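J.: CSV, C-alpha atoms, saved as coords.csv, coming up:
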chain,number,residue,atom,x,y,z
A,296,MET,CA,-154.7,200.8,224.5
A,297,LYS,CA,-158.1,202.5,225.0
A,298,PHE,CA,-161.0,202.0,222.6
A,299,ARG,CA,-160.8,205.6,221.3
A,300,GLU,CA,-157.1,205.3,220.8
A,301,ALA,CA,-157.4,201.9,219.0
A,302,LEU,CA,-159.9,203.4,216.6
A,303,ARG,CA,-157.5,206.3,216.0
A,304,VAL,CA,-154.8,203.9,215.2
A,305,SER,CA,-157.0,201.9,212.8
A,306,LEU,CA,-157.8,205.1,210.9
A,307,ASP,CA,-154.2,206.5,210.8
A,308,ARG,CA,-153.3,206.6,207.2
A,309,THR,CA,-149.6,206.9,207.9
A,310,ARG,CA,-149.7,203.5,209.6
A,311,PHE,CA,-152.5,201.9,207.7
A,312,PRO,CA,-152.7,203.6,204.3
A,313,PHE,CA,-154.9,200.9,202.8
A,314,PHE,CA,-158.0,202.1,204.8
A,315,GLU,CA,-160.3,204.6,203.1
A,316,VAL,CA,-162.8,206.5,205.2
A,317,ARG,CA,-166.0,207.7,203.7
A,318,SER,CA,-167.1,211.0,204.9
A,319,GLY,CA,-170.6,212.5,204.5
A,320,PRO,CA,-173.4,214.0,206.4
A,321,SER,CA,-174.7,210.6,207.6
A,322,ARG,CA,-171.5,209.3,209.0
A,323,GLN,CA,-168.4,211.4,209.5
A,324,ALA,CA,-165.0,209.8,210.2
A,325,SER,CA,-164.8,212.1,213.2
A,326,GLN,CA,-167.6,210.1,214.8
A,327,LEU,CA,-165.1,207.3,215.3
A,328,LEU,CA,-162.7,209.5,217.1
A,329,THR,CA,-165.1,211.1,219.7
A,330,PHE,CA,-165.9,208.1,221.8
A,331,ARG,CA,-165.3,208.5,225.5
A,332,SER,CA,-162.0,207.3,226.8
A,333,GLU,CA,-163.8,204.6,228.8
A,334,ARG,CA,-163.9,201.2,227.2
A,335,SER,CA,-167.2,201.2,225.4
A,336,CYS,CA,-169.4,198.2,224.7
A,337,PHE,CA,-169.3,197.2,221.0
A,338,GLY,CA,-170.0,194.2,218.8
A,339,ILE,CA,-168.5,192.7,215.7
A,340,ALA,CA,-170.5,190.8,213.1
A,341,PHE,CA,-168.7,189.5,210.1
A,342,ASP,CA,-169.5,187.4,207.0
A,343,ILE,CA,-167.8,184.1,206.8
A,344,ASP,CA,-167.6,183.3,203.1
A,345,GLY,CA,-165.3,185.8,201.4
A,346,VAL,CA,-164.1,187.4,204.6
A,347,ILE,CA,-162.9,184.7,207.0
A,348,LEU,CA,-163.1,181.6,204.8
A,349,GLY,CA,-162.6,180.9,201.1
A,350,GLY,CA,-164.4,177.6,200.8
A,351,ASN,CA,-163.1,175.6,203.8
A,352,ALA,CA,-159.8,177.4,204.1
A,353,PRO,CA,-159.1,180.5,206.2
A,354,ILE,CA,-158.3,183.7,204.1
A,355,GLY,CA,-155.0,185.3,204.8
A,356,GLY,CA,-154.5,186.1,208.5
A,357,SER,CA,-158.1,185.7,209.5
A,358,ARG,CA,-157.4,182.9,211.9
A,359,GLN,CA,-154.7,185.0,213.7
A,360,ALA,CA,-157.0,188.0,213.7
A,361,LEU,CA,-159.8,186.1,215.4
A,362,LYS,CA,-157.4,184.7,218.0
A,363,ARG,CA,-156.8,188.3,219.1
A,364,LEU,CA,-160.3,188.3,220.5
A,365,TYR,CA,-159.3,185.7,223.0
A,366,HIS,CA,-156.9,185.3,225.9
A,367,GLU,CA,-154.2,182.6,225.7
A,368,CYS,CA,-156.4,180.5,227.9
A,369,GLY,CA,-159.3,180.7,225.3
A,370,GLU,CA,-161.4,183.2,227.2
A,371,LYS,CA,-163.0,185.9,225.1
A,372,LEU,CA,-161.1,189.1,225.5
A,373,GLY,CA,-163.1,192.1,224.2
A,374,GLY,CA,-166.3,193.1,222.6
A,375,PHE,CA,-169.0,190.8,221.3
A,376,PHE,CA,-168.6,189.0,218.0
A,377,MET,CA,-170.7,186.9,215.8
A,378,PRO,CA,-170.2,185.3,212.4
A,379,PHE,CA,-172.8,185.5,209.6
A,380,LEU,CA,-172.8,182.6,207.3
A,381,GLY,CA,-174.9,180.5,205.0
A,382,GLY,CA,-176.5,177.3,206.3
A,383,GLY,CA,-177.6,173.8,205.8
A,384,ILE,CA,-176.5,172.3,209.1
A,385,PRO,CA,-177.5,173.0,212.7
A,386,GLU,CA,-175.8,175.8,214.6
A,387,THR,CA,-174.3,173.4,217.1
A,388,LYS,CA,-172.5,171.5,214.3
A,389,ARG,CA,-171.5,174.7,212.5
A,390,ALA,CA,-170.0,176.1,215.7
A,391,ARG,CA,-167.8,173.0,216.1
A,392,GLN,CA,-166.7,173.2,212.5
A,393,LEU,CA,-165.7,176.8,212.8
A,394,SER,CA,-163.9,176.2,216.0
A,395,GLU,CA,-161.8,173.6,214.4
A,396,LEU,CA,-161.1,175.6,211.3
A,397,LEU,CA,-160.3,178.8,213.0
A,398,GLU,CA,-158.8,177.4,216.2
A,399,VAL,CA,-160.9,179.5,218.5
A,400,ASN,CA,-163.8,178.5,220.7
A,401,ILE,CA,-167.0,179.6,218.9
A,402,LEU,CA,-170.3,178.9,220.7
A,403,PRO,CA,-173.5,177.9,218.9
A,404,SER,CA,-175.1,181.0,220.4
A,405,GLN,CA,-172.6,183.2,218.5
A,406,VAL,CA,-173.5,181.7,215.1
A,407,ILE,CA,-176.2,183.3,213.0
A,408,GLN,CA,-177.0,181.4,209.8
A,409,GLY,CA,-179.3,182.5,207.1
A,410,HIS,CA,-182.0,180.1,208.4
A,411,SER,CA,-181.6,181.1,212.1
A,412,PRO,CA,-184.7,183.4,211.9
A,413,PHE,CA,-186.8,180.4,211.0
A,414,ARG,CA,-187.0,179.8,214.7
A,415,LEU,CA,-189.3,182.8,214.9
A,416,LEU,CA,-191.9,181.0,212.8
A,417,LEU,CA,-192.1,178.0,215.1
A,418,ASN,CA,-195.3,179.0,216.9
A,419,ARG,CA,-197.1,179.1,213.5
A,420,PHE,CA,-195.7,175.9,211.9
A,421,GLN,CA,-194.5,173.7,214.8
A,422,ASP,CA,-197.1,171.0,214.2
A,423,LYS,CA,-197.8,171.8,210.5
A,424,PHE,CA,-196.5,169.6,207.7
A,425,VAL,CA,-193.6,171.5,206.0
A,426,VAL,CA,-190.9,170.8,203.5
A,427,ALA,CA,-187.2,171.9,203.9
A,428,VAL,CA,-185.1,172.6,200.8
A,429,GLY,CA,-181.3,172.8,200.3
A,430,LYS,CA,-178.0,171.1,200.7
A,431,GLY,CA,-176.7,169.6,203.9
A,432,GLU,CA,-179.3,168.7,206.5
A,433,PRO,CA,-182.3,171.0,206.0
A,434,ALA,CA,-184.8,168.8,207.8
A,435,GLN,CA,-182.5,168.3,210.7
A,436,VAL,CA,-182.0,172.0,211.0
A,437,MET,CA,-185.7,172.6,211.2
A,438,SER,CA,-186.2,169.7,213.7
A,439,GLU,CA,-183.6,171.2,216.0
A,440,TYR,CA,-185.6,174.5,215.9
A,441,GLY,CA,-188.6,172.5,217.2
A,442,TYR,CA,-190.5,171.8,214.0
A,443,ARG,CA,-192.1,168.4,214.5
A,444,ARG,CA,-193.4,167.5,211.1
A,445,VAL,CA,-190.8,168.3,208.5
A,446,LEU,CA,-189.4,166.4,205.5
A,447,SER,CA,-186.4,167.3,203.3
A,448,ILE,CA,-187.3,167.8,199.7
A,449,ASP,CA,-185.0,164.9,198.9
A,450,GLU,CA,-187.2,162.6,201.0
A,451,TYR,CA,-190.5,164.2,199.9
A,452,ALA,CA,-189.8,164.0,196.2
A,453,SER,CA,-188.7,160.3,196.5
A,454,TYR,CA,-192.2,159.2,197.3
A,455,PHE,CA,-193.7,160.5,194.1
A,456,ASP,CA,-192.9,158.4,191.0
A,457,SER,CA,-191.8,160.4,188.0
A,458,ILE,CA,-192.1,163.8,189.8
A,459,ASP,CA,-188.6,164.5,188.4
A,460,PRO,CA,-188.8,163.4,184.8
A,461,VAL,CA,-185.0,163.5,184.3
A,462,SER,CA,-183.9,161.9,187.6
A,463,GLN,CA,-182.6,158.8,185.8
A,464,TYR,CA,-179.9,161.0,184.1
A,465,LYS,CA,-178.6,162.4,187.3
A,466,MET,CA,-175.5,160.5,188.3
A,467,TRP,CA,-174.5,162.3,191.4
A,468,ALA,CA,-171.1,161.7,192.9
A,469,GLY,CA,-172.7,161.2,196.3
A,470,LYS,CA,-176.2,159.8,196.5
A,471,THR,CA,-178.7,160.8,199.1
A,472,PRO,CA,-180.5,158.3,201.3
A,473,TYR,CA,-183.7,159.0,199.4
A,474,ASP,CA,-182.6,158.5,195.8
A,475,ALA,CA,-185.1,156.7,193.6
A,476,ASP,CA,-182.9,153.6,193.1
A,477,MET,CA,-182.9,153.1,196.9
A,478,LYS,CA,-186.6,153.1,197.3
A,479,SER,CA,-188.5,150.0,198.0
A,480,LYS,CA,-192.0,148.9,199.0
A,481,ALA,CA,-190.7,148.6,202.6
A,482,MET,CA,-190.0,152.3,202.6
A,483,VAL,CA,-193.1,153.9,204.1
A,484,PRO,CA,-193.5,157.7,204.3
A,485,ARG,CA,-193.4,159.0,207.8
A,486,PHE,CA,-196.3,161.2,206.9
A,487,ASP,CA,-199.2,160.7,204.6
A,488,VAL,CA,-197.7,162.7,201.8
A,489,PHE,CA,-200.3,161.5,199.2
A,490,SER,CA,-203.3,163.0,201.1
A,491,GLU,CA,-201.8,165.6,203.5
A,492,ARG,CA,-201.1,169.0,202.0
A,493,VAL,CA,-197.8,170.7,202.7
A,494,GLN,CA,-198.4,173.9,204.7
A,495,ALA,CA,-195.2,175.8,204.0
A,496,ALA,CA,-191.9,175.5,202.2
A,497,PHE,CA,-188.6,176.7,203.6
A,498,ILE,CA,-185.5,177.2,201.5
A,499,VAL,CA,-183.0,176.5,204.2
A,500,SER,CA,-179.7,176.5,202.2
A,501,ASP,CA,-178.6,176.6,198.6
A,502,PRO,CA,-180.4,173.9,196.6
A,503,TYR,CA,-178.1,171.5,194.8
A,504,ASP,CA,-180.6,170.1,192.3
A,505,TRP,CA,-182.2,173.2,190.8
A,506,SER,CA,-184.3,171.4,188.1
A,507,ARG,CA,-185.9,169.0,190.5
A,508,ASP,CA,-186.4,171.5,193.3
A,509,ILE,CA,-188.0,174.1,191.0
A,510,GLN,CA,-190.3,171.4,189.5
A,511,VAL,CA,-191.4,170.1,192.9
A,512,LEU,CA,-191.8,173.5,194.5
A,513,CYS,CA,-193.9,174.6,191.5
A,514,ASP,CA,-196.0,171.5,192.0
A,515,ILE,CA,-196.4,172.2,195.7
A,516,LEU,CA,-197.2,175.9,195.3
A,517,ARG,CA,-199.6,175.5,192.4
A,518,SER,CA,-201.6,172.6,193.9
A,519,GLY,CA,-202.0,174.1,197.4
A,520,GLY,CA,-199.5,171.7,198.9
A,521,LEU,CA,-200.3,168.4,197.2
A,522,PRO,CA,-198.5,167.7,193.9
A,523,GLY,CA,-200.7,166.3,191.2
A,524,LYS,CA,-203.9,167.6,192.8
A,525,VAL,CA,-206.1,170.6,192.3
A,526,ALA,CA,-205.7,173.5,194.8
A,527,GLU,CA,-208.5,173.8,197.3
A,528,HIS,CA,-208.3,177.5,197.3
A,529,GLY,CA,-206.6,180.3,195.4
A,530,HIS,CA,-204.1,181.2,198.1
A,531,GLN,CA,-200.5,180.2,197.7
A,532,LEU,CA,-199.0,178.5,200.7
A,533,PRO,CA,-196.1,180.4,202.5
A,534,LEU,CA,-192.6,180.2,201.0
A,535,TYR,CA,-189.6,181.4,203.0
A,536,PHE,CA,-186.0,181.9,201.8
A,537,ALA,CA,-183.1,182.0,204.3
A,538,ALA,CA,-181.1,184.3,202.1
A,539,ASP,CA,-181.2,186.3,198.9
A,540,ASP,CA,-177.6,186.7,197.9
A,541,LEU,CA,-177.3,186.7,194.1
A,542,GLU,CA,-173.6,185.7,194.3
A,543,TYR,CA,-171.1,184.8,197.0
A,544,GLN,CA,-167.4,184.1,197.1
A,545,ALA,CA,-166.3,180.5,197.6
A,546,ALA,CA,-163.1,178.6,196.8
A,547,PHE,CA,-163.4,179.2,193.0
A,548,PRO,CA,-161.8,182.5,191.9
A,549,SER,CA,-165.0,184.1,190.6
A,550,GLU,CA,-168.3,184.4,192.4
A,551,ARG,CA,-170.8,181.5,192.6
A,552,LEU,CA,-174.6,181.9,192.2
A,553,GLY,CA,-176.3,181.9,195.5
A,554,MET,CA,-179.8,181.4,196.9
A,555,GLY,CA,-181.0,184.7,195.4
A,556,ALA,CA,-180.2,183.3,191.9
A,557,PHE,CA,-182.3,180.2,192.7
A,558,ARG,CA,-185.1,182.5,193.9
A,559,ILE,CA,-185.0,184.4,190.6
A,560,ALA,CA,-185.1,181.2,188.6
A,561,LEU,CA,-188.0,179.8,190.6
A,562,GLU,CA,-189.9,183.1,190.5
A,563,SER,CA,-189.4,183.5,186.7
A,564,ILE,CA,-190.7,180.0,185.9
A,565,PHE,CA,-193.6,180.1,188.4
A,566,ASN,CA,-194.8,183.4,187.1
A,567,ARG,CA,-194.9,182.0,183.5
A,568,ILE,CA,-196.9,178.9,184.4
A,569,HIS,CA,-199.2,180.4,187.1
A,570,HIS,CA,-201.8,183.2,186.9
A,571,ASN,CA,-200.6,184.8,190.1
A,572,ALA,CA,-197.1,186.1,190.8
A,573,LEU,CA,-195.0,184.1,193.3
A,574,GLU,CA,-195.3,185.3,196.9
A,575,TYR,CA,-192.4,184.8,199.2
A,576,THR,CA,-190.6,186.1,202.3
A,577,SER,CA,-186.8,186.4,202.4
A,578,PHE,CA,-185.0,186.7,205.7
A,579,GLY,CA,-181.5,187.3,204.3
A,580,LYS,CA,-179.3,190.3,204.1
A,581,PRO,CA,-179.8,193.2,203.2
A,582,ASN,CA,-183.1,192.9,205.0
A,583,SER,CA,-182.9,195.2,208.1
A,584,PHE,CA,-184.6,192.5,210.1
A,585,VAL,CA,-181.5,190.4,209.9
A,586,PHE,CA,-179.4,193.2,211.5
A,587,LYS,CA,-182.0,193.8,214.2
A,588,ASN,CA,-182.2,190.1,214.9
A,589,ALA,CA,-178.4,190.0,215.1
A,590,GLU,CA,-178.4,192.9,217.5
A,591,ASN,CA,-180.8,191.0,219.7
A,592,VAL,CA,-178.7,187.9,219.6
A,593,LEU,CA,-175.6,189.8,220.5
A,594,LYS,CA,-177.4,191.3,223.5
A,595,LYS,CA,-177.9,187.8,224.8
A,596,LEU,CA,-174.3,186.8,224.6
A,597,PRO,CA,-172.2,186.9,227.8
A,598,PRO,CA,-170.0,190.1,227.8
A,599,PHE,CA,-166.3,189.8,227.3
A,600,SER,CA,-164.2,190.1,230.4
A,601,PHE,CA,-163.0,193.7,230.2
A,602,ILE,CA,-166.3,195.4,229.7
A,603,ASP,CA,-167.4,196.6,233.1
A,604,SER,CA,-170.0,199.1,231.7
A,605,TYR,CA,-172.1,196.5,229.9
A,606,ALA,CA,-174.6,195.9,232.7
A,607,ASP,CA,-175.2,199.6,233.2
A,608,ASN,CA,-175.6,200.2,229.4
A,609,LEU,CA,-178.0,197.2,229.2
A,610,LYS,CA,-180.2,198.7,231.9
A,611,LYS,CA,-180.4,201.9,229.8
A,612,GLY,CA,-181.5,199.9,226.8
A,613,GLN,CA,-178.4,200.7,224.8
A,614,PRO,CA,-175.8,198.0,225.4
A,615,PHE,CA,-173.8,198.8,222.3
A,616,LYS,CA,-172.0,202.0,221.3
A,617,THR,CA,-171.1,200.5,217.9
A,618,LEU,CA,-171.8,197.3,216.0
A,619,TYR,CA,-169.3,196.6,213.2
A,620,MET,CA,-170.4,194.8,210.1
A,621,ILE,CA,-167.5,193.4,208.2
A,622,GLY,CA,-168.4,192.0,204.8
A,623,ASP,CA,-167.3,191.5,201.2
A,624,ASN,CA,-170.5,192.1,199.4
A,625,PRO,CA,-171.7,195.8,199.1
A,626,LEU,CA,-175.1,194.8,197.9
A,627,VAL,CA,-176.0,192.7,200.9
A,628,ASP,CA,-173.5,193.3,203.8
A,629,ILE,CA,-172.9,197.0,203.4
A,630,LYS,CA,-176.4,197.9,202.1
A,631,GLY,CA,-177.9,196.1,205.0
A,632,ALA,CA,-175.8,197.7,207.6
A,633,LYS,CA,-176.5,201.2,206.2
A,634,GLN,CA,-180.2,200.5,206.1
A,635,ALA,CA,-180.2,199.3,209.7
A,636,GLY,CA,-178.6,202.5,210.8
A,637,ARG,CA,-177.2,203.1,214.2
A,638,PRO,CA,-175.4,201.5,215.9
A,639,TRP,CA,-174.2,199.7,212.8
A,640,PHE,CA,-170.9,200.7,211.2
A,641,SER,CA,-169.9,199.0,207.9
A,642,ILE,CA,-166.4,197.8,206.9
A,643,LEU,CA,-165.9,196.5,203.4
A,644,THR,CA,-163.1,194.0,202.4
A,645,ARG,CA,-161.7,193.1,199.0
A,646,THR,CA,-161.3,189.5,200.0
A,647,GLY,CA,-164.5,188.2,198.3
A,648,VAL,CA,-167.2,189.5,196.0
A,649,PHE,CA,-166.0,193.1,196.0
A,650,LYS,CA,-162.7,193.7,194.2
A,651,GLY,CA,-162.9,197.3,193.2
A,652,LYS,CA,-160.1,199.7,193.7
A,653,ALA,CA,-162.2,202.4,195.4
A,654,ASN,CA,-165.1,202.3,197.7
A,655,HIS,CA,-168.3,200.9,196.2
A,656,ALA,CA,-170.1,203.7,194.3
A,657,GLU,CA,-173.7,202.8,195.1
A,658,PHE,CA,-173.3,201.4,198.6
A,659,PRO,CA,-170.1,202.8,200.0
A,660,ALA,CA,-168.9,201.4,203.3
A,661,ASP,CA,-168.0,203.6,206.2
A,662,LEU,CA,-164.6,202.0,206.0
A,663,SER,CA,-163.1,200.0,203.2
A,664,SER,CA,-159.9,197.9,203.0
A,665,ALA,CA,-157.9,198.4,199.8
A,666,LEU,CA,-155.7,195.3,200.0
A,667,CYS,CA,-156.9,191.9,199.2
A,668,ASN,CA,-155.5,189.5,201.8
A,669,LEU,CA,-157.8,190.5,204.6
A,670,LYS,CA,-156.1,193.7,205.7
A,671,ALA,CA,-159.4,194.5,207.3
A,672,ARG,CA,-158.3,192.2,210.1
A,673,LEU,CA,-156.0,194.9,211.3
A,674,CYS,CA,-159.0,197.1,211.7
A,675,PHE,CA,-161.1,194.9,213.9
A,676,SER,CA,-158.0,193.5,215.7
A,677,SER,CA,-157.0,197.0,216.6
A,678,ILE,CA,-160.5,197.9,217.7
A,679,ILE,CA,-160.5,195.2,220.4
A,680,GLN,CA,-156.8,195.4,221.4
A,681,PRO,CA,-156.6,196.2,225.1
The structure in this file should be written as C-alpha cells.

T.:
Amino acid sequence: MKFREALRVSLDRTRFPFFEVRSGPSRQASQLLTFRSERSCFGIAFDIDGVILGGNAPIGGSRQALKRLYHECGEKLGGFFMPFLGGGIPETKRARQLSELLEVNILPSQVIQGHSPFRLLLNRFQDKFVVAVGKGEPAQVMSEYGYRRVLSIDEYASYFDSIDPVSQYKMWAGKTPYDADMKSKAMVPRFDVFSERVQAAFIVSDPYDWSRDIQVLCDILRSGGLPGKVAEHGHQLPLYFAADDLEYQAAFPSERLGMGAFRIALESIFNRIHHNALEYTSFGKPNSFVFKNAENVLKKLPPFSFIDSYADNLKKGQPFKTLYMIGDNPLVDIKGAKQAGRPWFSILTRTGVFKGKANHAEFPADLSSALCNLKARLCFSSIIQP
C-alpha cells in the first residue's frame, strides 16, 4: 500500500469512523491526500505516558502497533519514529526499559527525554559546579551528558545540617543513599560544598520531595549558590526545567501533577520571599524548540529500509514530508506541534490527559481519535504499512 493510499485509508470514515479531521485554512484534510504516490519520507514522534504506556503497562494495542514498524527480524520497516517521555534516568537505560516493555528494539538515539536538551548547555557548564534535581538518577543523567561537577540534590542537601527542618518526619518507603541517618564523619563531600557556590540548578525529572527541594532551591537561588550565605551579587544563578507539564497521565485513573506544577509552587514561594521574580528556562513542550530539536534528532537517525528517497531529500535540506506528533495532552503535545508548524502534523488520542468527546476547543489537533483504547494506533500503523 502506497503512502498516499495508506493515509486515505486512515481518514476513511466508513472504515475508521472514530477519526475526526479538523479542517481550516491552516491545515486542510485534503493536504493529507495530495502526497505524491512515491513513498515519502516521514517521521513519527509520540508521547509515552498516556499514549503508549499507562504507568509501566502498555495501553491497549500499543505494543502491537509499534511492532508494525518492524520486520519480523526486528529491522525497522518504515519511516522514522521517536518517543517523547519524561526522564530521570539516562537514555541508554531508558531505551533498554522501553525495548523490554514494548518488545521492540528501541535505540538510545531514538529516545528524547525532557532533559535531553541539557546536552546543549554542556559547553557552558561542563566544568561548573551544578545541582541536579528529581527522581531517579539525575546526577548520573548529567554525568553521561558530560557534566563533570554535578551533585544530586539528595547528596547536596545531606551535607547541610538542618537545611530541611522536617526531614526527621519523612519516613520514605525507600531511603536514598544520602539520607541524614546514613551520614557519618567519614562521609566527605566530593566538592567543597561549604565554600564553592553552585553555578546552576537543573530540574531533570519530577521531584519527589517538594518541601525539601523548594527549600533548598530557594536557599541556593537567594544566596547566589551557597545556602546560608549572602549573595555576592544581585543576579540569580541559572535555573533550568526539563519540562513544564502541569499534569500527565500515569497509572492512576486521574491525572497526576507534573513538573509544571512544581515550577508553579517554587515560583510562587520564591516570588513571595525574594524581591526579584524567579527567572528560569523551560525546555519542555509546548516550546517550539523541543520540536525543532526533535526534528534534528530524527534527521540523524538511520533511515528505514524502504525509503530510497531519503538521501535525495536530505541533500535538498528537506528530509521529511511530514512529522506526526501523537499525544494525549492538547496543552503541550498538540499546542507545541501547531506552534512548530510544518512539517508537523498533530494527532490527539483519548488515552491519557484528554478525554473529551470532540476535538479540543482551544488547541484542536489535525486528527483526533474518538475511542479510548489507543485507536490512534490504527492511524500511524496504516501510515507506515507497506

J.: With all atoms listed in the file as the atoms that count, which of A:Gly651, A:Pro638, A:Gly519, A:Gly441 lies nearest to Lys616 in chain A?

T.: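 The shortest atom-to-atom distance to Lys616 in chain A comes from A:Pro638.
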
J.: Could you tell me which of A:Val346, A:Ser490, A:Ile621, A:Pro353 comes closest to Val525 in chain A if we count all atoms listed in the file?

T.: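 Of the candidates, the smallest distance to Val525 in chain A is held by A:Ser490.
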
J.: Find the residues near range 413-423 of chain A: any atom within 12 Å, counting all atoms listed in the file, skip ones fewer than 5 places away on the same chain, and give them as a PyMOL selection string.

T.: chain A and resi 382+385-386+407-408+433+436-446+486+491-500+520+532-538+576-579+584-585+588

J.: Which residue out of A:Gly429, A:Gly555, A:Gly355, A:Gly338 has the minimum interatomic distance to Phe640 in chain A when only C-alpha atoms are used?

T.: A:Gly338

J.: Please determine, counting all atoms listed in the file, which residue among A:Leu596, A:Phe341, A:Gln435, A:Gln510 has the shortest atom-to-atom distance to Thr387 in chain A.

T.: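 Ranking A:Leu596, A:Phe341, A:Gln435, A:Gln510 by distance to Thr387 in chain A, first place goes to A:Gln435.
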
J.: Work out how far CA of Gln359 in chain A is from CA of Ala340 in chain A, in Å to one decimal.

T.: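 Going from CA of Ala340 in chain A over to CA of Gln359 in chain A covers 16.8 Å.
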
J.: To one decimal place, how far is CA of Gly431 in chain A from CA of Asp449 in chain A in Å?

T.: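 It comes out at 10.8 Å.
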
J.: Report the distance between CA of Ser457 in chain A and CA of Gly553 in chain A in Å, rounded to one decimal place.

T.: 27.5 Å

J.: How would range 644-660 of chain A read, as a PDB file, in the frame of the given file, once N, CA and C atoms are built in?

T.:
ATOM      1  N   THR A 644    -164.415 194.634 202.800  1.00  0.00           N
ATOM      2  CA  THR A 644    -163.100 194.000 202.400  1.00  0.00           C
ATOM      3  C   THR A 644    -163.100 193.729 200.937  1.00  0.00           C
ATOM      4  N   ARG A 645    -161.903 193.548 200.433  1.00  0.00           N
ATOM      5  CA  ARG A 645    -161.700 193.100 199.000  1.00  0.00           C
ATOM      6  C   ARG A 645    -161.238 191.684 198.986  1.00  0.00           C
ATOM      7  N   THR A 646    -161.734 190.886 199.868  1.00  0.00           N
ATOM      8  CA  THR A 646    -161.300 189.500 200.000  1.00  0.00           C
ATOM      9  C   THR A 646    -162.294 188.538 199.325  1.00  0.00           C
ATOM     10  N   GLY A 647    -163.432 189.044 198.829  1.00  0.00           N
ATOM     11  CA  GLY A 647    -164.500 188.200 198.300  1.00  0.00           C
ATOM     12  C   GLY A 647    -165.122 188.726 197.073  1.00  0.00           C
ATOM     13  N   VAL A 648    -166.430 189.002 197.179  1.00  0.00           N
ATOM     14  CA  VAL A 648    -167.200 189.500 196.000  1.00  0.00           C
ATOM     15  C   VAL A 648    -166.690 190.820 195.531  1.00  0.00           C
ATOM     16  N   PHE A 649    -166.440 191.756 196.442  1.00  0.00           N
ATOM     17  CA  PHE A 649    -166.000 193.100 196.000  1.00  0.00           C
ATOM     18  C   PHE A 649    -164.505 193.107 195.789  1.00  0.00           C
ATOM     19  N   LYS A 650    -164.116 193.603 194.598  1.00  0.00           N
ATOM     20  CA  LYS A 650    -162.700 193.700 194.200  1.00  0.00           C
ATOM     21  C   LYS A 650    -162.318 195.010 193.643  1.00  0.00           C
ATOM     22  N   GLY A 651    -163.194 195.996 193.796  1.00  0.00           N
ATOM     23  CA  GLY A 651    -162.900 197.300 193.200  1.00  0.00           C
ATOM     24  C   GLY A 651    -161.753 198.011 193.899  1.00  0.00           C
ATOM     25  N   LYS A 652    -161.204 198.991 193.206  1.00  0.00           N
ATOM     26  CA  LYS A 652    -160.100 199.700 193.700  1.00  0.00           C
ATOM     27  C   LYS A 652    -160.505 200.796 194.735  1.00  0.00           C
ATOM     28  N   ALA A 653    -161.642 201.415 194.471  1.00  0.00           N
ATOM     29  CA  ALA A 653    -162.200 202.400 195.400  1.00  0.00           C
ATOM     30  C   ALA A 653    -163.345 201.868 196.136  1.00  0.00           C
ATOM     31  N   ASN A 654    -163.893 202.670 197.014  1.00  0.00           N
ATOM     32  CA  ASN A 654    -165.100 202.300 197.700  1.00  0.00           C
ATOM     33  C   ASN A 654    -166.225 202.030 196.753  1.00  0.00           C
ATOM     34  N   HIS A 655    -167.184 201.198 197.136  1.00  0.00           N
ATOM     35  CA  HIS A 655    -168.300 200.900 196.200  1.00  0.00           C
ATOM     36  C   HIS A 655    -169.099 202.190 195.972  1.00  0.00           C
ATOM     37  N   ALA A 656    -169.455 202.407 194.712  1.00  0.00           N
ATOM     38  CA  ALA A 656    -170.100 203.700 194.300  1.00  0.00           C
ATOM     39  C   ALA A 656    -171.515 203.788 194.865  1.00  0.00           C
ATOM     40  N   GLU A 657    -172.304 202.732 194.725  1.00  0.00           N
ATOM     41  CA  GLU A 657    -173.700 202.800 195.100  1.00  0.00           C
ATOM     42  C   GLU A 657    -173.932 202.614 196.595  1.00  0.00           C
ATOM     43  N   PHE A 658    -173.180 201.678 197.181  1.00  0.00           N
ATOM     44  CA  PHE A 658    -173.300 201.400 198.600  1.00  0.00           C
ATOM     45  C   PHE A 658    -171.943 201.475 199.275  1.00  0.00           C
ATOM     46  N   PRO A 659    -171.408 202.689 199.413  1.00  0.00           N
ATOM     47  CA  PRO A 659    -170.100 202.800 200.000  1.00  0.00           C
ATOM     48  C   PRO A 659    -170.074 202.507 201.491  1.00  0.00           C
ATOM     49  N   ALA A 660    -169.073 201.777 201.899  1.00  0.00           N
ATOM     50  CA  ALA A 660    -168.900 201.400 203.300  1.00  0.00           C
ATOM     51  C   ALA A 660    -168.390 202.615 204.089  1.00  0.00           C
TER      52      ALA A 660
END
